[in-house]
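**Q** Okay, so here is final25.cif, and as you'll see once you scroll down, it has mmCIF, N, CA and C atoms.
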```cif
data_query
#
loop_
_atom_site.label_atom_id
_atom_site.label_comp_id
_atom_site.auth_asym_id
_atom_site.auth_seq_id
_atom_site.Cartn_x
_atom_site.Cartn_y
_atom_site.Cartn_z
N LYS A 1 4.37 -26.43 13.18
CA LYS A 1 5.18 -25.59 14.03
C LYS A 1 5.59 -24.33 13.27
N ILE A 2 5.56 -23.20 13.93
CA ILE A 2 5.94 -21.93 13.32
C ILE A 2 7.47 -21.84 13.28
N ASN A 3 7.98 -21.54 12.09
CA ASN A 3 9.41 -21.35 11.91
C ASN A 3 9.73 -19.88 12.18
N LYS A 4 10.38 -19.63 13.30
CA LYS A 4 10.67 -18.27 13.75
C LYS A 4 11.47 -17.48 12.71
N GLN A 5 12.50 -18.11 12.15
CA GLN A 5 13.36 -17.42 11.20
C GLN A 5 12.60 -17.04 9.92
N LYS A 6 11.75 -17.95 9.44
CA LYS A 6 10.97 -17.65 8.23
C LYS A 6 9.97 -16.52 8.50
N GLN A 7 9.38 -16.53 9.68
CA GLN A 7 8.45 -15.45 10.04
C GLN A 7 9.15 -14.11 10.08
N ILE A 8 10.32 -14.08 10.69
CA ILE A 8 11.08 -12.82 10.79
C ILE A 8 11.49 -12.33 9.40
N SER A 9 11.96 -13.25 8.56
CA SER A 9 12.43 -12.81 7.23
C SER A 9 11.27 -12.46 6.29
N ALA A 10 10.07 -12.88 6.60
CA ALA A 10 8.93 -12.59 5.74
C ALA A 10 8.19 -11.31 6.11
N ILE A 11 8.47 -10.77 7.26
CA ILE A 11 7.70 -9.62 7.74
C ILE A 11 7.79 -8.42 6.79
N ILE A 12 8.98 -8.02 6.43
CA ILE A 12 9.15 -6.82 5.60
C ILE A 12 8.58 -7.01 4.19
N PRO A 13 8.89 -8.12 3.48
CA PRO A 13 8.28 -8.28 2.16
C PRO A 13 6.75 -8.30 2.21
N ASN A 14 6.19 -8.94 3.24
CA ASN A 14 4.74 -8.98 3.36
C ASN A 14 4.16 -7.60 3.66
N LEU A 15 4.86 -6.83 4.48
CA LEU A 15 4.41 -5.47 4.78
C LEU A 15 4.42 -4.61 3.52
N VAL A 16 5.52 -4.67 2.77
CA VAL A 16 5.62 -3.88 1.54
C VAL A 16 4.53 -4.27 0.55
N HIS A 17 4.30 -5.56 0.40
CA HIS A 17 3.26 -6.04 -0.51
C HIS A 17 1.89 -5.53 -0.07
N SER A 18 1.63 -5.56 1.23
CA SER A 18 0.34 -5.08 1.75
C SER A 18 0.17 -3.58 1.54
N LEU A 19 1.23 -2.82 1.77
CA LEU A 19 1.15 -1.37 1.56
C LEU A 19 0.96 -1.03 0.08
N ASP A 20 1.63 -1.77 -0.81
CA ASP A 20 1.44 -1.57 -2.25
C ASP A 20 0.00 -1.84 -2.65
N ALA A 21 -0.54 -2.94 -2.15
CA ALA A 21 -1.92 -3.29 -2.47
C ALA A 21 -2.90 -2.26 -1.92
N SER A 22 -2.62 -1.76 -0.74
CA SER A 22 -3.48 -0.74 -0.14
C SER A 22 -3.45 0.56 -0.92
N SER A 23 -2.26 0.96 -1.39
CA SER A 23 -2.19 2.21 -2.15
C SER A 23 -2.92 2.08 -3.48
N LEU A 24 -2.84 0.92 -4.11
CA LEU A 24 -3.58 0.71 -5.36
C LEU A 24 -5.08 0.68 -5.10
N SER A 25 -5.48 0.06 -4.01
CA SER A 25 -6.90 0.04 -3.65
C SER A 25 -7.43 1.45 -3.39
N LEU A 26 -6.65 2.26 -2.70
CA LEU A 26 -7.06 3.66 -2.48
C LEU A 26 -7.14 4.42 -3.79
N LEU A 27 -6.19 4.19 -4.69
CA LEU A 27 -6.23 4.85 -5.99
C LEU A 27 -7.53 4.52 -6.71
N ILE A 28 -7.90 3.26 -6.72
CA ILE A 28 -9.15 2.86 -7.39
C ILE A 28 -10.35 3.52 -6.73
N ASN A 29 -10.35 3.59 -5.40
CA ASN A 29 -11.45 4.28 -4.70
C ASN A 29 -11.49 5.75 -5.08
N TYR A 30 -10.33 6.40 -5.13
CA TYR A 30 -10.29 7.81 -5.52
C TYR A 30 -10.78 8.01 -6.96
N LEU A 31 -10.43 7.09 -7.84
CA LEU A 31 -10.90 7.19 -9.23
C LEU A 31 -12.41 7.08 -9.30
N ILE A 32 -12.96 6.16 -8.53
CA ILE A 32 -14.42 5.98 -8.52
C ILE A 32 -15.11 7.23 -7.99
N ILE A 33 -14.55 7.80 -6.93
CA ILE A 33 -15.13 9.01 -6.33
C ILE A 33 -15.05 10.19 -7.30
N ASN A 34 -13.93 10.33 -8.02
CA ASN A 34 -13.72 11.48 -8.90
C ASN A 34 -14.41 11.34 -10.25
N ASP A 35 -14.31 10.17 -10.87
CA ASP A 35 -14.92 10.00 -12.19
C ASP A 35 -14.84 8.52 -12.58
N SER A 36 -15.92 7.83 -12.42
CA SER A 36 -15.91 6.37 -12.66
C SER A 36 -15.83 6.01 -14.14
N SER A 37 -15.88 7.01 -15.04
CA SER A 37 -15.83 6.70 -16.47
C SER A 37 -14.41 6.63 -17.03
N ILE A 38 -13.41 6.89 -16.19
CA ILE A 38 -12.02 6.85 -16.65
C ILE A 38 -11.63 5.40 -16.93
N PRO A 39 -11.10 5.13 -18.12
CA PRO A 39 -10.62 3.76 -18.38
C PRO A 39 -9.36 3.49 -17.55
N PHE A 40 -9.42 2.42 -16.79
CA PHE A 40 -8.33 2.10 -15.88
C PHE A 40 -8.16 0.59 -15.85
N PHE A 41 -6.94 0.15 -16.04
CA PHE A 41 -6.63 -1.27 -16.07
C PHE A 41 -5.53 -1.55 -15.05
N CYS A 42 -5.68 -2.62 -14.31
CA CYS A 42 -4.60 -2.96 -13.39
C CYS A 42 -4.44 -4.47 -13.31
N VAL A 43 -3.16 -4.86 -13.18
CA VAL A 43 -2.80 -6.25 -12.97
C VAL A 43 -1.74 -6.24 -11.88
N HIS A 44 -2.05 -6.89 -10.79
CA HIS A 44 -1.18 -6.97 -9.63
C HIS A 44 -0.78 -5.56 -9.18
N ASP A 45 0.46 -5.14 -9.38
CA ASP A 45 0.86 -3.81 -8.92
C ASP A 45 1.17 -2.86 -10.08
N CYS A 46 0.66 -3.18 -11.26
CA CYS A 46 0.83 -2.32 -12.43
C CYS A 46 -0.52 -1.78 -12.86
N PHE A 47 -0.54 -0.56 -13.34
CA PHE A 47 -1.81 -0.02 -13.82
C PHE A 47 -1.57 0.84 -15.05
N ALA A 48 -2.65 1.02 -15.83
CA ALA A 48 -2.56 1.80 -17.06
C ALA A 48 -3.89 2.49 -17.33
N SER A 49 -3.80 3.54 -18.12
CA SER A 49 -4.98 4.26 -18.57
C SER A 49 -4.60 5.01 -19.83
N THR A 50 -5.51 5.78 -20.35
CA THR A 50 -5.20 6.58 -21.53
C THR A 50 -4.41 7.83 -21.11
N ALA A 51 -3.62 8.34 -22.02
CA ALA A 51 -2.68 9.43 -21.71
C ALA A 51 -3.39 10.68 -21.18
N ASN A 52 -4.56 10.97 -21.69
CA ASN A 52 -5.24 12.19 -21.25
C ASN A 52 -5.69 12.13 -19.79
N ASN A 53 -5.73 10.93 -19.21
CA ASN A 53 -6.13 10.78 -17.81
C ASN A 53 -4.96 10.69 -16.84
N LEU A 54 -3.74 10.65 -17.37
CA LEU A 54 -2.58 10.44 -16.51
C LEU A 54 -2.35 11.56 -15.49
N PRO A 55 -2.56 12.83 -15.83
CA PRO A 55 -2.37 13.86 -14.78
C PRO A 55 -3.28 13.63 -13.57
N LEU A 56 -4.54 13.29 -13.81
CA LEU A 56 -5.46 13.03 -12.70
C LEU A 56 -5.03 11.78 -11.94
N ILE A 57 -4.68 10.72 -12.67
CA ILE A 57 -4.27 9.48 -12.02
C ILE A 57 -3.00 9.70 -11.21
N LYS A 58 -2.07 10.45 -11.74
CA LYS A 58 -0.84 10.75 -11.01
C LYS A 58 -1.14 11.48 -9.71
N SER A 59 -1.99 12.47 -9.77
CA SER A 59 -2.35 13.23 -8.58
C SER A 59 -3.05 12.35 -7.55
N LEU A 60 -3.99 11.54 -8.01
CA LEU A 60 -4.72 10.66 -7.09
C LEU A 60 -3.80 9.59 -6.50
N PHE A 61 -2.86 9.09 -7.30
CA PHE A 61 -1.93 8.10 -6.80
C PHE A 61 -1.00 8.71 -5.75
N GLN A 62 -0.56 9.94 -5.98
CA GLN A 62 0.26 10.63 -4.99
C GLN A 62 -0.52 10.79 -3.68
N ASN A 63 -1.81 11.10 -3.79
CA ASN A 63 -2.64 11.22 -2.60
C ASN A 63 -2.73 9.88 -1.86
N SER A 64 -2.90 8.80 -2.61
CA SER A 64 -3.01 7.48 -1.96
C SER A 64 -1.69 7.12 -1.27
N LEU A 65 -0.56 7.42 -1.91
CA LEU A 65 0.73 7.13 -1.28
C LEU A 65 0.92 7.98 -0.03
N ARG A 66 0.51 9.24 -0.10
CA ARG A 66 0.61 10.13 1.05
C ARG A 66 -0.23 9.59 2.21
N ASP A 67 -1.42 9.10 1.88
CA ASP A 67 -2.29 8.55 2.92
C ASP A 67 -1.72 7.27 3.53
N ILE A 68 -1.16 6.42 2.69
CA ILE A 68 -0.63 5.14 3.17
C ILE A 68 0.66 5.33 3.96
N TYR A 69 1.56 6.15 3.45
CA TYR A 69 2.88 6.28 4.05
C TYR A 69 3.01 7.48 4.98
N SER A 70 1.92 7.88 5.57
CA SER A 70 1.99 8.99 6.52
C SER A 70 2.84 8.56 7.72
N PRO A 71 3.53 9.51 8.33
CA PRO A 71 4.40 9.16 9.46
C PRO A 71 3.65 8.46 10.60
N ASP A 72 2.44 8.87 10.89
CA ASP A 72 1.68 8.24 11.97
C ASP A 72 1.39 6.77 11.67
N LEU A 73 1.02 6.49 10.44
CA LEU A 73 0.70 5.11 10.08
C LEU A 73 1.93 4.22 10.23
N LEU A 74 3.06 4.67 9.70
CA LEU A 74 4.27 3.86 9.79
C LEU A 74 4.73 3.70 11.24
N PHE A 75 4.58 4.74 12.03
CA PHE A 75 4.94 4.64 13.45
C PHE A 75 4.04 3.63 14.15
N ASN A 76 2.75 3.67 13.85
CA ASN A 76 1.81 2.73 14.47
C ASN A 76 2.11 1.29 14.06
N ILE A 77 2.44 1.08 12.80
CA ILE A 77 2.79 -0.27 12.34
C ILE A 77 4.05 -0.74 13.08
N HIS A 78 5.05 0.13 13.16
CA HIS A 78 6.29 -0.20 13.86
C HIS A 78 6.02 -0.56 15.31
N SER A 79 5.23 0.24 15.99
CA SER A 79 4.91 -0.02 17.39
C SER A 79 4.17 -1.34 17.56
N SER A 80 3.23 -1.61 16.66
CA SER A 80 2.48 -2.87 16.72
C SER A 80 3.39 -4.07 16.51
N PHE A 81 4.29 -3.95 15.54
CA PHE A 81 5.24 -5.05 15.29
C PHE A 81 6.11 -5.31 16.51
N LEU A 82 6.59 -4.24 17.13
CA LEU A 82 7.44 -4.42 18.31
C LEU A 82 6.68 -5.13 19.42
N GLN A 83 5.42 -4.78 19.62
CA GLN A 83 4.61 -5.43 20.67
C GLN A 83 4.36 -6.90 20.32
N LEU A 84 4.04 -7.17 19.06
CA LEU A 84 3.74 -8.54 18.67
C LEU A 84 4.98 -9.43 18.68
N LEU A 85 6.11 -8.88 18.30
CA LEU A 85 7.33 -9.68 18.18
C LEU A 85 8.13 -9.77 19.48
N ALA A 86 7.84 -8.95 20.45
CA ALA A 86 8.61 -8.95 21.70
C ALA A 86 8.70 -10.34 22.32
N PRO A 87 7.61 -11.10 22.37
CA PRO A 87 7.74 -12.44 22.98
C PRO A 87 8.61 -13.40 22.18
N LEU A 88 8.81 -13.14 20.89
CA LEU A 88 9.61 -14.03 20.06
C LEU A 88 11.09 -13.73 20.14
N MET A 89 11.43 -12.57 20.63
CA MET A 89 12.85 -12.17 20.63
C MET A 89 13.51 -12.44 21.96
#
```
What would you get if you wrote out this structure as structure tokens?
**A**
Amino acid sequence: KINKQKQISAIIPNLVHSLDASSLSLLINYLIINDSSIPFFCVHDCFASTANNLPLIKSLFQNSLRDIYSPDLLFNIHSSFLQLLAPLM
């Protein structure tokens, strides 16, 4: 049986975790597109590289965050959640 309260309390942490994972995935894609020879290490939601590559990584990471957290995307997620959760409320 689905526990309604647990589902409601898990929505936001799961959304944040998914958005974090998506932004890191986009960063890796951008790195591959720009220069696949850059040393890049990541574990869960942490990443590292050599200091000389940080300006590029910072710029690409900002791009990935901009793409993930665009107003349209967040509005669409909000609208979808409202539609999906309406029967539960």
**Q** Identify all residues of range 5-82 of chain A in strand (DSSP E or B) (DSSP on the backbone) and supply them as a list in words.
**A** Phe40, Phe41, Cys42, Val43, Cys46, Phe47, Ala48 and Ser49 of chain A
**Q** Using only C-alpha atoms for the distances, tell me which of A:Pro55, A:Asp45, A:Ser79, A:Leu84 is nearest to Ser18 in chain A.
**A**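 Once distances to Ser18 in chain A are computed over only C-alpha atoms, the minimum belongs to A:Asp45.
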**Q** Name the residues captured by the PyMOL selection byres ((chain A and resi 39) around 6.5) when it is applied to the shown file; answer as JSON, numbers by chain.
**A** {"A": [36, 37, 38, 40, 41, 48, 49, 50]}
**Q** Determine the nearest neighbour of Arg66 in chain A from the options A:His44, A:Gln83, A:Ser23, A:Tyr30, counting only N, CA and C atoms.
**A** A:Ser23
**Q** Excluding Leu24 in chain A and residues on its chain fewer than 2 positions from it, collect all residues at most 9 Å away from it, counting only C-alpha atoms, and give them as a list of chain:residue names.
**A**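 That gives A:Leu19, A:Asp20, A:Ala21, A:Ser22, A:Leu26, A:Leu27, A:Ile28, A:Asn29, A:Cys42, A:Asp45, A:Cys46, A:Phe47, A:Phe61, A:Ser64, A:Leu65.
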**Q** Separation of atom N of Phe75 in chain A and atom C of Lys4 in chain A, in Å?
**A**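 Computing it gives 23.3 Å between the two atoms.
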